[in-house]
$ cat protein_12.txt   # compact mmCIF, C-alpha atoms and all ligand atoms
# COMPACT_ATOMS: atom_id res chain seq x y z
CA MET I 1 3.14 22.31 -19.32
CA THR I 2 0.57 23.00 -16.65
CA THR I 3 1.45 24.46 -13.26
CA VAL I 4 -0.33 22.79 -10.36
CA PRO I 5 -0.24 23.22 -6.56
CA ALA I 6 1.65 20.55 -4.60
CA LEU I 7 3.27 19.70 -1.31
CA GLU I 8 6.98 18.98 -1.16
CA ALA I 9 9.62 17.99 1.37
CA THR I 10 13.07 19.39 0.68
CA SER I 11 15.07 17.22 3.11
CA ALA I 12 14.60 14.30 5.48
CA ASP I 13 13.61 16.59 8.34
CA SER I 14 12.08 19.59 6.51
CA GLY I 15 8.45 18.56 6.75
CA PHE I 16 6.11 19.67 3.96
CA ARG I 17 5.53 23.07 2.40
CA ARG I 18 3.22 24.26 -0.33
CA THR I 19 4.73 24.76 -3.77
CA THR I 20 3.83 24.48 -7.44
CA ILE I 21 5.05 21.85 -9.91
CA GLU I 22 4.80 21.36 -13.67
CA ARG I 23 2.77 18.60 -15.31
CA ARG I 24 3.59 17.57 -18.88
CA PRO I 25 1.29 18.33 -21.81
CA VAL I 26 -1.27 15.60 -22.49
CA GLY I 27 0.30 13.21 -25.04
CA PRO I 28 -1.65 10.88 -27.34
CA GLN I 29 -1.71 8.01 -24.74
CA ASP I 30 -2.11 10.25 -21.70
CA VAL I 31 -4.91 10.79 -19.24
CA ALA I 32 -4.96 14.09 -17.32
CA ILE I 33 -6.42 13.69 -13.84
CA GLU I 34 -7.62 16.34 -11.39
CA ILE I 35 -6.68 14.75 -8.08
CA GLN I 36 -9.39 14.63 -5.43
CA TYR I 37 -7.86 12.38 -2.79
CA ALA I 38 -4.39 11.09 -1.94
CA GLY I 39 -3.80 8.45 0.73
CA ILE I 40 -0.77 8.58 3.02
CA CYS I 41 1.15 5.28 2.86
CA HIS I 42 3.94 4.51 5.30
CA SER I 43 6.19 4.21 2.23
CA ASP I 44 5.62 7.96 1.72
CA ILE I 45 7.07 8.48 5.19
CA HIS I 46 10.03 6.12 4.68
CA THR I 47 10.77 8.08 1.47
CA ALA I 48 10.15 11.65 2.64
CA ARG I 49 12.33 10.99 5.71
CA ASN I 50 14.94 9.14 3.58
CA GLU I 51 14.74 6.04 5.76
CA TRP I 52 15.51 3.79 2.76
CA GLY I 53 18.17 6.15 1.36
CA GLY I 54 17.97 7.33 -2.25
CA THR I 55 15.32 10.02 -1.88
CA HIS I 56 15.53 12.68 -4.60
CA TYR I 57 14.54 16.03 -3.11
CA PRO I 58 12.36 17.91 -3.39
CA VAL I 59 9.97 14.99 -3.03
CA THR I 60 6.20 15.04 -3.55
CA PRO I 61 4.90 11.65 -2.34
CA GLY I 62 1.50 10.10 -2.91
CA HIS I 63 0.73 6.82 -4.70
CA GLU I 64 -2.84 6.27 -3.57
CA ILE I 65 -4.53 8.66 -5.95
CA VAL I 66 -8.18 9.07 -6.90
CA GLY I 67 -9.43 11.84 -9.13
CA ARG I 68 -11.49 12.87 -12.14
CA VAL I 69 -10.33 12.70 -15.72
CA SER I 70 -10.07 16.24 -17.10
CA ALA I 71 -8.68 15.44 -20.58
CA VAL I 72 -7.48 12.49 -22.62
CA GLY I 73 -5.02 12.15 -25.52
CA GLU I 74 -6.29 11.32 -29.00
CA ALA I 75 -5.21 7.64 -28.80
CA VAL I 76 -6.83 6.98 -25.40
CA THR I 77 -9.69 4.50 -25.67
CA GLY I 78 -10.46 3.44 -22.09
CA PHE I 79 -11.22 6.76 -20.40
CA ALA I 80 -13.19 9.94 -20.98
CA PRO I 81 -13.39 13.30 -19.19
CA GLY I 82 -15.46 13.02 -16.02
CA ASP I 83 -14.49 9.41 -15.23
CA THR I 84 -13.43 8.65 -11.66
CA VAL I 85 -10.04 6.97 -11.86
CA GLY I 86 -7.16 5.83 -9.72
CA VAL I 87 -3.37 5.80 -9.97
CA GLY I 88 -1.21 3.62 -7.75
CA CYS I 89 2.51 3.16 -7.22
CA PHE I 90 3.61 3.18 -10.88
CA VAL I 91 3.14 5.48 -13.86
CA ASP I 92 5.29 3.91 -16.59
CA SER I 93 7.28 0.85 -17.67
CA CYS I 94 8.82 -0.39 -20.93
CA GLY I 95 5.67 -2.27 -21.93
CA ARG I 96 7.68 -4.85 -23.92
CA CYS I 97 9.72 -7.03 -21.55
CA GLU I 98 8.51 -10.43 -20.36
CA TYR I 99 7.17 -9.02 -17.09
CA CYS I 100 5.32 -6.10 -18.70
CA ALA I 101 3.87 -8.50 -21.30
CA ASP I 102 2.66 -10.65 -18.40
CA GLY I 103 0.99 -7.75 -16.55
CA GLN I 104 3.68 -7.62 -13.87
CA GLU I 105 4.87 -4.13 -14.62
CA GLN I 106 6.30 -3.77 -11.11
CA PHE I 107 9.16 -6.04 -12.26
CA CYS I 108 9.83 -4.30 -15.60
CA ILE I 109 13.36 -5.25 -16.68
CA GLU I 110 14.10 -1.69 -17.80
CA GLY I 111 12.87 -0.41 -14.45
CA VAL I 112 9.36 0.63 -13.54
CA THR I 113 8.73 4.36 -13.12
CA ALA I 114 7.35 4.96 -9.66
CA THR I 115 4.63 7.58 -9.22
CA TYR I 116 7.13 9.64 -7.24
CA ASN I 117 10.88 9.73 -6.64
CA THR I 118 11.97 8.12 -9.94
CA PRO I 119 14.45 10.33 -11.85
CA GLN I 120 13.15 11.22 -15.34
CA ALA I 121 15.06 11.99 -18.55
CA ASP I 122 15.58 15.62 -17.47
CA GLY I 123 16.96 14.47 -14.10
CA THR I 124 14.02 15.66 -12.02
CA PRO I 125 12.12 13.06 -10.00
CA THR I 126 8.54 12.05 -10.73
CA ARG I 127 6.08 13.77 -8.37
CA GLY I 128 3.15 12.01 -6.77
CA GLY I 129 -0.36 12.55 -5.56
CA TYR I 130 0.09 15.28 -2.95
CA SER I 131 -0.62 17.62 -5.87
CA GLY I 132 -3.53 19.13 -7.74
CA ALA I 133 -3.27 17.12 -10.94
CA VAL I 134 -1.24 14.47 -12.72
CA VAL I 135 -0.78 13.28 -16.31
CA VAL I 136 -0.41 9.51 -16.65
CA ASP I 137 -0.11 7.00 -19.49
CA GLU I 138 -3.47 5.27 -19.97
CA ARG I 139 -1.89 1.87 -19.18
CA PHE I 140 -1.37 2.98 -15.58
CA VAL I 141 -4.83 4.42 -14.96
CA LEU I 142 -7.44 2.32 -13.14
CA ARG I 143 -11.22 2.51 -13.22
CA VAL I 144 -12.67 3.21 -9.77
CA PRO I 145 -16.00 1.36 -9.59
CA GLU I 146 -19.02 3.54 -8.80
CA ALA I 147 -19.87 1.39 -5.78
CA LEU I 148 -16.75 2.63 -3.99
CA ASP I 149 -16.55 5.95 -2.15
CA PRO I 150 -13.68 7.78 -3.92
CA ALA I 151 -11.93 8.91 -0.70
CA LYS I 152 -12.17 5.44 0.85
CA ALA I 153 -11.05 3.83 -2.40
CA ALA I 154 -7.83 5.86 -2.63
CA PRO I 155 -5.90 3.67 -0.13
CA LEU I 156 -6.80 0.59 -2.14
CA LEU I 157 -4.41 1.79 -4.87
CA CYS I 158 -1.50 0.73 -2.67
CA ALA I 159 -2.74 -0.86 0.57
CA GLY I 160 -5.38 -2.83 -1.34
CA ILE I 161 -3.22 -4.25 -4.11
CA THR I 162 -0.23 -4.90 -1.82
CA THR I 163 -2.33 -7.21 0.33
CA TYR I 164 -4.67 -8.63 -2.34
CA ALA I 165 -1.81 -9.83 -4.59
CA PRO I 166 -0.03 -12.07 -2.05
CA PHE I 167 -3.38 -13.40 -0.82
CA LYS I 168 -4.17 -14.53 -4.36
CA ARG I 169 -0.68 -15.91 -4.89
CA TRP I 170 -0.79 -17.99 -1.69
CA GLY I 171 -4.30 -19.35 -2.17
CA VAL I 172 -6.20 -17.47 0.53
CA GLY I 173 -9.81 -18.66 0.68
CA PRO I 174 -12.22 -20.80 2.66
CA GLY I 175 -10.53 -23.23 5.03
CA ARG I 176 -7.28 -21.25 5.15
CA ARG I 177 -6.00 -19.72 8.38
CA VAL I 178 -4.52 -16.30 7.76
CA ALA I 179 -2.83 -14.02 10.28
CA VAL I 180 -2.40 -10.32 9.57
CA LEU I 181 0.57 -8.96 11.49
CA GLY I 182 0.16 -5.22 12.21
CA MET I 183 -3.22 -3.55 11.75
CA GLY I 184 -2.38 -0.16 10.27
CA GLY I 185 -3.14 1.08 6.75
CA LEU I 186 -2.19 -2.11 4.93
CA GLY I 187 -3.18 -4.40 7.77
CA HIS I 188 -6.77 -3.26 8.19
CA VAL I 189 -7.44 -3.56 4.45
CA ALA I 190 -5.76 -6.99 4.55
CA VAL I 191 -8.16 -8.14 7.24
CA LYS I 192 -11.15 -7.03 5.18
CA ILE I 193 -9.88 -8.59 1.95
CA ALA I 194 -8.88 -11.94 3.49
CA ALA I 195 -12.25 -12.15 5.25
CA ALA I 196 -14.02 -11.33 1.97
CA MET I 197 -12.03 -14.15 0.34
CA GLY I 198 -13.54 -16.49 2.92
CA ALA I 199 -10.46 -17.18 5.05
CA GLU I 200 -10.35 -17.48 8.85
CA VAL I 201 -8.54 -14.28 9.79
CA THR I 202 -6.58 -13.53 12.96
CA VAL I 203 -5.00 -10.18 13.77
CA LEU I 204 -1.63 -10.02 15.52
CA SER I 205 -1.27 -6.47 16.82
CA GLN I 206 1.05 -4.95 19.40
CA SER I 207 -1.81 -4.54 21.87
CA LEU I 208 -5.53 -5.21 22.10
CA SER I 209 -6.43 -1.52 21.71
CA LYS I 210 -7.93 -2.06 18.23
CA GLN I 211 -9.49 -5.46 18.90
CA GLU I 212 -13.10 -4.34 18.49
CA ASP I 213 -12.28 -2.82 15.10
CA GLY I 214 -10.37 -5.90 13.93
CA LEU I 215 -13.31 -8.16 14.71
CA ALA I 216 -15.68 -5.71 12.96
CA PHE I 217 -13.40 -5.81 9.87
CA GLY I 218 -13.91 -9.58 9.70
CA ALA I 219 -11.28 -11.18 11.94
CA VAL I 220 -12.36 -14.06 14.17
CA ASP I 221 -9.44 -13.72 16.60
CA TYR I 222 -7.20 -10.90 17.78
CA PHE I 223 -4.03 -11.24 19.84
CA ALA I 224 -1.45 -8.89 21.33
CA THR I 225 2.13 -9.67 20.31
CA LYS I 226 3.46 -8.03 23.48
CA ASP I 227 1.86 -10.93 25.37
CA ASP I 228 4.07 -14.06 25.34
CA GLU I 229 0.99 -16.22 25.74
CA THR I 230 0.02 -15.27 22.15
CA PHE I 231 2.99 -17.25 20.84
CA ALA I 232 2.28 -20.32 22.96
CA ARG I 233 -1.41 -20.33 22.09
CA ASN I 234 -1.03 -19.92 18.34
CA LYS I 235 2.03 -22.13 17.79
CA GLY I 236 1.79 -23.97 14.43
CA ARG I 237 -1.62 -22.46 13.63
CA PHE I 238 -1.47 -20.42 10.44
CA ASP I 239 -1.21 -21.28 6.74
CA LEU I 240 -0.15 -17.73 5.95
CA ILE I 241 1.08 -14.76 7.95
CA LEU I 242 1.06 -11.44 6.10
CA ASN I 243 3.57 -9.17 7.82
CA THR I 244 2.55 -5.54 7.28
CA VAL I 245 4.69 -4.09 10.09
CA SER I 246 6.71 -0.99 9.17
CA ALA I 247 9.31 -1.58 11.92
CA ASP I 248 11.99 -4.23 12.53
CA LEU I 249 10.69 -7.45 14.09
CA PRO I 250 12.15 -10.67 15.57
CA ILE I 251 10.89 -12.53 12.50
CA GLU I 252 11.86 -16.04 13.65
CA ARG I 253 9.44 -15.76 16.53
CA TYR I 254 6.59 -15.37 14.06
CA LEU I 255 7.69 -18.35 11.97
CA SER I 256 6.82 -20.55 14.95
CA LEU I 257 3.16 -19.64 14.42
CA LEU I 258 3.10 -21.33 11.00
CA ARG I 259 1.90 -24.83 10.17
CA ILE I 260 4.17 -27.23 8.29
CA ASN I 261 4.67 -25.71 4.81
CA GLY I 262 3.26 -22.42 6.10
CA VAL I 263 4.19 -19.10 4.52
CA LEU I 264 5.30 -15.86 6.14
CA CYS I 265 5.04 -13.16 3.50
CA SER I 266 6.45 -9.73 4.35
CA VAL I 267 5.23 -6.57 2.72
CA GLY I 268 6.39 -4.26 5.53
CA LEU I 269 9.71 -2.77 4.56
CA PRO I 270 11.91 -1.68 7.47
CA THR I 271 15.67 -1.65 7.03
CA GLU I 272 17.37 -4.11 9.42
CA PRO I 273 18.22 -7.64 8.15
CA TYR I 274 16.07 -10.58 9.30
CA SER I 275 17.72 -12.96 11.69
CA VAL I 276 16.52 -16.51 10.96
CA ARG I 277 18.30 -19.77 11.73
CA PRO I 278 18.05 -22.19 8.77
CA GLY I 279 16.48 -24.80 11.04
CA ALA I 280 13.49 -22.54 11.63
CA LEU I 281 12.69 -22.86 7.93
CA ILE I 282 13.96 -26.34 7.11
CA ALA I 283 12.55 -28.64 9.75
CA PRO I 284 8.94 -27.38 9.35
CA GLN I 285 9.47 -26.62 5.61
CA ARG I 286 8.34 -23.05 6.06
CA VAL I 287 8.47 -20.35 3.40
CA LEU I 288 9.74 -16.86 4.18
CA THR I 289 8.94 -14.58 1.27
CA GLY I 290 7.98 -11.08 0.26
CA SER I 291 5.66 -9.33 -2.16
CA MET I 292 5.78 -6.04 -4.02
CA VAL I 293 2.54 -4.22 -4.78
CA GLY I 294 1.03 -6.02 -7.83
CA GLY I 295 0.65 -5.78 -11.59
CA LEU I 296 -1.76 -3.44 -13.38
CA PRO I 297 -4.37 -6.05 -14.42
CA GLU I 298 -4.43 -7.29 -10.83
CA HIS I 299 -5.02 -3.71 -9.62
CA GLN I 300 -8.24 -3.57 -11.62
CA GLU I 301 -9.24 -7.06 -10.46
CA MET I 302 -8.67 -5.93 -6.85
CA LEU I 303 -10.76 -2.76 -7.24
CA ASP I 304 -13.59 -4.75 -8.80
CA PHE I 305 -13.32 -7.36 -6.01
CA CYS I 306 -13.50 -4.61 -3.36
CA ALA I 307 -16.53 -3.05 -5.04
CA GLU I 308 -18.27 -6.43 -5.19
CA HIS I 309 -17.51 -7.26 -1.54
CA GLY I 310 -17.95 -3.77 -0.05
CA VAL I 311 -14.29 -3.47 0.96
CA GLU I 312 -13.22 0.14 1.54
CA SER I 313 -10.51 1.69 3.67
CA GLU I 314 -11.35 3.30 7.01
CA ILE I 315 -10.05 6.82 6.68
CA GLU I 316 -9.33 10.07 8.47
CA LEU I 317 -9.72 12.85 5.91
CA ILE I 318 -7.19 15.63 6.50
CA GLY I 319 -6.22 18.96 4.97
CA ALA I 320 -3.05 19.68 3.01
CA ASP I 321 -1.51 21.49 5.98
CA ASP I 322 -2.00 18.52 8.32
CA VAL I 323 0.42 16.10 6.66
CA ASP I 324 3.37 16.53 9.05
CA ALA I 325 1.18 15.84 12.07
CA ALA I 326 -0.40 12.88 10.29
CA TYR I 327 3.04 11.38 9.59
CA ASP I 328 3.89 11.51 13.29
CA ARG I 329 0.63 9.79 14.15
CA VAL I 330 1.22 7.03 11.58
CA VAL I 331 4.70 6.36 12.99
CA ALA I 332 3.16 6.17 16.47
CA SER I 333 0.65 3.54 15.20
CA ASP I 334 -2.04 6.12 15.95
CA VAL I 335 -4.05 6.05 12.73
CA ARG I 336 -7.59 4.75 12.21
CA TYR I 337 -6.69 3.47 9.67
CA ARG I 338 -5.47 5.57 6.74
CA PHE I 339 -4.98 9.30 6.44
CA VAL I 340 -6.31 10.65 3.16
CA ILE I 341 -5.57 14.19 2.01
CA ASP I 342 -8.57 16.13 0.74
CA VAL I 343 -6.60 17.45 -2.21
CA ALA I 344 -9.47 19.02 -4.13
CA GLY I 345 -10.83 20.71 -1.00
CA THR I 346 -7.63 21.98 0.59
CA LEU I 347 -4.73 22.02 -1.88
CA ALA I 348 -6.03 22.60 -5.38
P1 LIG T 401 1.15 1.78 9.00
O1 LIG T 401 -0.20 2.28 8.67
O2 LIG T 401 2.07 2.60 9.79
O3 LIG T 401 0.96 0.33 9.69
C1 LIG T 401 2.05 -0.39 10.20
C2 LIG T 401 1.59 -1.14 11.45
O4 LIG T 401 2.72 -1.86 11.93
C3 LIG T 401 1.17 -0.27 12.60
O5 LIG T 401 -0.17 0.13 12.52
C4 LIG T 401 1.39 -1.20 13.77
O6 LIG T 401 0.29 -2.09 13.87
C5 LIG T 401 2.60 -2.01 13.34
N1 LIG T 401 3.82 -1.47 13.96
C6 LIG T 401 4.35 -0.24 13.84
N2 LIG T 401 5.46 -0.11 14.57
C7 LIG T 401 5.66 -1.30 15.16
C8 LIG T 401 6.66 -1.83 16.04
N3 LIG T 401 7.69 -1.04 16.46
N4 LIG T 401 6.55 -3.11 16.45
C9 LIG T 401 5.53 -3.88 16.04
N5 LIG T 401 4.55 -3.44 15.21
C10 LIG T 401 4.62 -2.17 14.80
O7 LIG T 401 1.97 1.45 7.65
P2 LIG T 401 1.42 0.92 6.24
O8 LIG T 401 1.17 2.10 5.36
O9 LIG T 401 0.39 -0.08 6.47
O10 LIG T 401 2.76 0.25 5.67
C11 LIG T 401 3.33 -0.85 6.34
C12 LIG T 401 4.67 -1.21 5.74
O11 LIG T 401 4.46 -1.74 4.42
C13 LIG T 401 5.63 -0.04 5.53
O12 LIG T 401 6.95 -0.47 5.84
C14 LIG T 401 5.51 0.28 4.06
O13 LIG T 401 6.64 0.89 3.53
C15 LIG T 401 5.34 -1.10 3.50
N6 LIG T 401 4.73 -1.18 2.17
C16 LIG T 401 5.18 -2.15 1.35
C17 LIG T 401 4.61 -2.33 0.12
C18 LIG T 401 5.08 -3.46 -0.75
O14 LIG T 401 4.83 -3.44 -1.94
N7 LIG T 401 5.73 -4.45 -0.20
C19 LIG T 401 3.57 -1.49 -0.30
C20 LIG T 401 3.11 -0.52 0.58
C21 LIG T 401 3.69 -0.36 1.82
P3 LIG T 401 -0.40 -2.43 15.29
O15 LIG T 401 -0.72 -1.11 15.91
O16 LIG T 401 -1.57 -3.24 14.93
O17 LIG T 401 0.63 -3.20 16.08
ZN ZN T 402 2.19 2.50 -0.52
$ encode --input "protein_12.txt" --output "structure tokens" --more "lines below"
Ligand code: NAP
Ligand code: ZN
Amino acid sequence: MTTVPALEATSADSGFRRTTIERRPVGPQDVAIEIQYAGICHSDIHTARNEWGGTHYPVTPGHEIVGRVSAVGEAVTGFAPGDTVGVGCFVDSCGRCEYCADGQEQFCIEGVTATYNTPQADGTPTRGGYSGAVVVDERFVLRVPEALDPAKAAPLLCAGITTYAPFKRWGVGPGRRVAVLGMGGLGHVAVKIAAAMGAEVTVLSQSLSKQEDGLAFGAVDYFATKDDETFARNKGRFDLILNTVSADLPIERYLSLLRINGVLCSVGLPTEPYSVRPGALIAPQRVLTGSMVGGLPEHQEMLDFCAEHGVESEIELIGADDVDAAYDRVVASDVRYRFVIDVAGTLA
């Protein structure tokens, strides 16, 4: 075991404190990683504050991890000490079921092990990237292309894959009209990726305060959802709406913005049920669906795509003692556009 510095929350309203945690010895298939950067995803906040229920305290979030390989097990073939690597939302799965065999580890029948908050054999929860180091099975380690800035690549490990995967699934490309609903951490990466895929991208944000940024990220249009005119003007316009909003929404209102056969795909994960009349789906044959992160092969494909197209996250680099304040700013939609903890500089 190795003792490493970490941040932990001990209850829904405790905030974070510094602590130390144990990392397992490096097994034959393992990669030991000295963490440099950890992005703050809104899912970290939902979990730390127990908004979804089921948080195992003490919790150390962080599933947007970039760091340097410090050691590898004897059976590891894909990585060597010194490599810059990433770890996303998952660190283990059975590796044998039909979904694992198909590279969709997020749906592992035996249950995927999340990077944090999954109980392990000894009863303690996995601990994530707000920590100095982590030991991860090689299958769950990604290569971070040299073309990407490591700090700006960290958010791609969740925000990137969570938006890239549904875009691929729903055929985003030239000639397709895509709306990104909510331009926070996921949303701003979504705008960049959809634009890089060649789609016509529109941002639907609460206000126009980030319009200039949205257009710079590659959107051609930007509308405020607090303005009723937005719904009249864009009625029946989009092939796909990617809903990245972290709060409850009147979802049926957004369905009206879809073309016939259009798709509203939610990745934002608030807690209240959707209220949708069947007719809002049936008459225009619309699809209301969701998407969860992505599989491991698709993670690597996404990172390589981002390197090729110059897609990086816009970040605010913060210190380990600034996480509580950062959480409040994320909840207030006051982030431009992802907080990333300088782990190597301020925690390790
Ligand atoms: P974020 O940075 O906080 O962005 C969410 C955006 O939603 C905000 O920037 C804001 O955009 C909009 N928003 C917030 N409150 C709103 C409200 N009351 N009404 C309307 N719009 C509001 O969060 P994130 O890290 O991108 O995560 C977004 C959601 O995705 C979270 O629920 C997270 O748990 C979930 N998530 C899901 C997956 C998955 O696999 N499905 C993966 C990662 C995260 P504007 O300021 O532009 O309006
Ligand atoms: Zn996330």
$ atom_distance --input "protein_12.txt" --atom1 "atom CA of I:Val172" --atom2 "atom CA of I:Gly187"
15.2 Å
$ residues_around --input "protein_12.txt" --residues "stretch 101-118 of chain I" --least-positions-apart "4" --cutoff "7 Å" --atoms "all atoms listed in the file" --output "PDB file with C-alpha atoms, in the coordinates of the input"
ATOM      1  CA  THR I  55      15.320  10.020  -1.880  1.00  0.00           C
ATOM      2  CA  HIS I  56      15.530  12.680  -4.600  1.00  0.00           C
ATOM      3  CA  VAL I  59       9.970  14.990  -3.030  1.00  0.00           C
ATOM      4  CA  THR I  60       6.200  15.040  -3.550  1.00  0.00           C
ATOM      5  CA  PRO I  61       4.900  11.650  -2.340  1.00  0.00           C
ATOM      6  CA  HIS I  63       0.730   6.820  -4.700  1.00  0.00           C
ATOM      7  CA  CYS I  89       2.510   3.160  -7.220  1.00  0.00           C
ATOM      8  CA  PHE I  90       3.610   3.180 -10.880  1.00  0.00           C
ATOM      9  CA  VAL I  91       3.140   5.480 -13.860  1.00  0.00           C
ATOM     10  CA  ASP I  92       5.290   3.910 -16.590  1.00  0.00           C
ATOM     11  CA  SER I  93       7.280   0.850 -17.670  1.00  0.00           C
ATOM     12  CA  CYS I  94       8.820  -0.390 -20.930  1.00  0.00           C
ATOM     13  CA  GLY I  95       5.670  -2.270 -21.930  1.00  0.00           C
ATOM     14  CA  ARG I  96       7.680  -4.850 -23.920  1.00  0.00           C
ATOM     15  CA  CYS I  97       9.720  -7.030 -21.550  1.00  0.00           C
ATOM     16  CA  PRO I 125      12.120  13.060 -10.000  1.00  0.00           C
ATOM     17  CA  THR I 126       8.540  12.050 -10.730  1.00  0.00           C
ATOM     18  CA  ARG I 127       6.080  13.770  -8.370  1.00  0.00           C
ATOM     19  CA  GLY I 128       3.150  12.010  -6.770  1.00  0.00           C
ATOM     20  CA  GLY I 294       1.030  -6.020  -7.830  1.00  0.00           C
ATOM     21  CA  GLY I 295       0.650  -5.780 -11.590  1.00  0.00           C
ATOM     22  CA  LEU I 296      -1.760  -3.440 -13.380  1.00  0.00           C
ATOM     23  CA  PRO I 297      -4.370  -6.050 -14.420  1.00  0.00           C
TER      24      PRO I 297
END
$ residues_near_ligand --input "protein_12.txt" --ligand "ligand LIG 401 (chain T)" --cutoff "6 Å" --atoms "all atoms listed in the file" --output "list in words"
Cys41, His42, Ser43, Cys158, Ala159, Thr162, Gly182, Met183, Gly184, Gly185, Leu186, Gly187, Ser205, Gln206, Thr244, Val245, Ser246, Ala247, Val267, Gly268, Leu269, Pro270, Ser291, Met292, Val293, Val330, Val331 and Ser333 of chain I
$ atom_distance --input "protein_12.txt" --atom1 "atom CA of I:Asp228" --atom2 "atom CA of I:Pro284"
21.4 Å
$ atom_distance --input "protein_12.txt" --atom1 "atom CA of I:Ala9" --atom2 "atom CA of I:Val343"
16.6 Å
$ residues_around --input "protein_12.txt" --residues "stretch 19-31 of chain I" --least-positions-apart "3" --cutoff "9 Å" --atoms "all atoms listed in the file" --output "ChimeraX atom specification"
/I:1-8,69-77,79-81,127,131,133-139,141
$ residues_around --input "protein_12.txt" --residues "I:Leu288" --least-positions-apart "2" --cutoff "8 Å" --atoms "all atoms listed in the file" --output "VMD selection string"
chain I and resid 263 to 266 281 286 290
$ residues_around --input "protein_12.txt" --residues "stretch 34-36 of chain I" --least-positions-apart "6" --cutoff "10 Å" --atoms "all atoms listed in the file" --output "mmCIF file with C-alpha atoms, in the coordinates of the input"
data_model
loop_
_atom_site.group_PDB
_atom_site.id
_atom_site.type_symbol
_atom_site.label_atom_id
_atom_site.label_comp_id
_atom_site.auth_asym_id
_atom_site.auth_seq_id
_atom_site.Cartn_x
_atom_site.Cartn_y
_atom_site.Cartn_z
ATOM 1 C CA VAL I 4 -0.330 22.790 -10.360
ATOM 2 C CA ILE I 65 -4.530 8.660 -5.950
ATOM 3 C CA VAL I 66 -8.180 9.070 -6.900
ATOM 4 C CA GLY I 67 -9.430 11.840 -9.130
ATOM 5 C CA ARG I 68 -11.490 12.870 -12.140
ATOM 6 C CA VAL I 69 -10.330 12.700 -15.720
ATOM 7 C CA SER I 70 -10.070 16.240 -17.100
ATOM 8 C CA ALA I 71 -8.680 15.440 -20.580
ATOM 9 C CA GLY I 82 -15.460 13.020 -16.020
ATOM 10 C CA THR I 84 -13.430 8.650 -11.660
ATOM 11 C CA VAL I 85 -10.040 6.970 -11.860
ATOM 12 C CA GLY I 86 -7.160 5.830 -9.720
ATOM 13 C CA VAL I 87 -3.370 5.800 -9.970
ATOM 14 C CA GLY I 129 -0.360 12.550 -5.560
ATOM 15 C CA TYR I 130 0.090 15.280 -2.950
ATOM 16 C CA SER I 131 -0.620 17.620 -5.870
ATOM 17 C CA GLY I 132 -3.530 19.130 -7.740
ATOM 18 C CA ALA I 133 -3.270 17.120 -10.940
ATOM 19 C CA VAL I 134 -1.240 14.470 -12.720
ATOM 20 C CA VAL I 135 -0.780 13.280 -16.310
ATOM 21 C CA PRO I 150 -13.680 7.780 -3.920
ATOM 22 C CA ALA I 151 -11.930 8.910 -0.700
ATOM 23 C CA ALA I 154 -7.830 5.860 -2.630
ATOM 24 C CA VAL I 340 -6.310 10.650 3.160
ATOM 25 C CA ILE I 341 -5.570 14.190 2.010
ATOM 26 C CA ASP I 342 -8.570 16.130 0.740
ATOM 27 C CA VAL I 343 -6.600 17.450 -2.210
ATOM 28 C CA ALA I 344 -9.470 19.020 -4.130
ATOM 29 C CA GLY I 345 -10.830 20.710 -1.000
ATOM 30 C CA THR I 346 -7.630 21.980 0.590
ATOM 31 C CA LEU I 347 -4.730 22.020 -1.880
ATOM 32 C CA ALA I 348 -6.030 22.600 -5.380
#
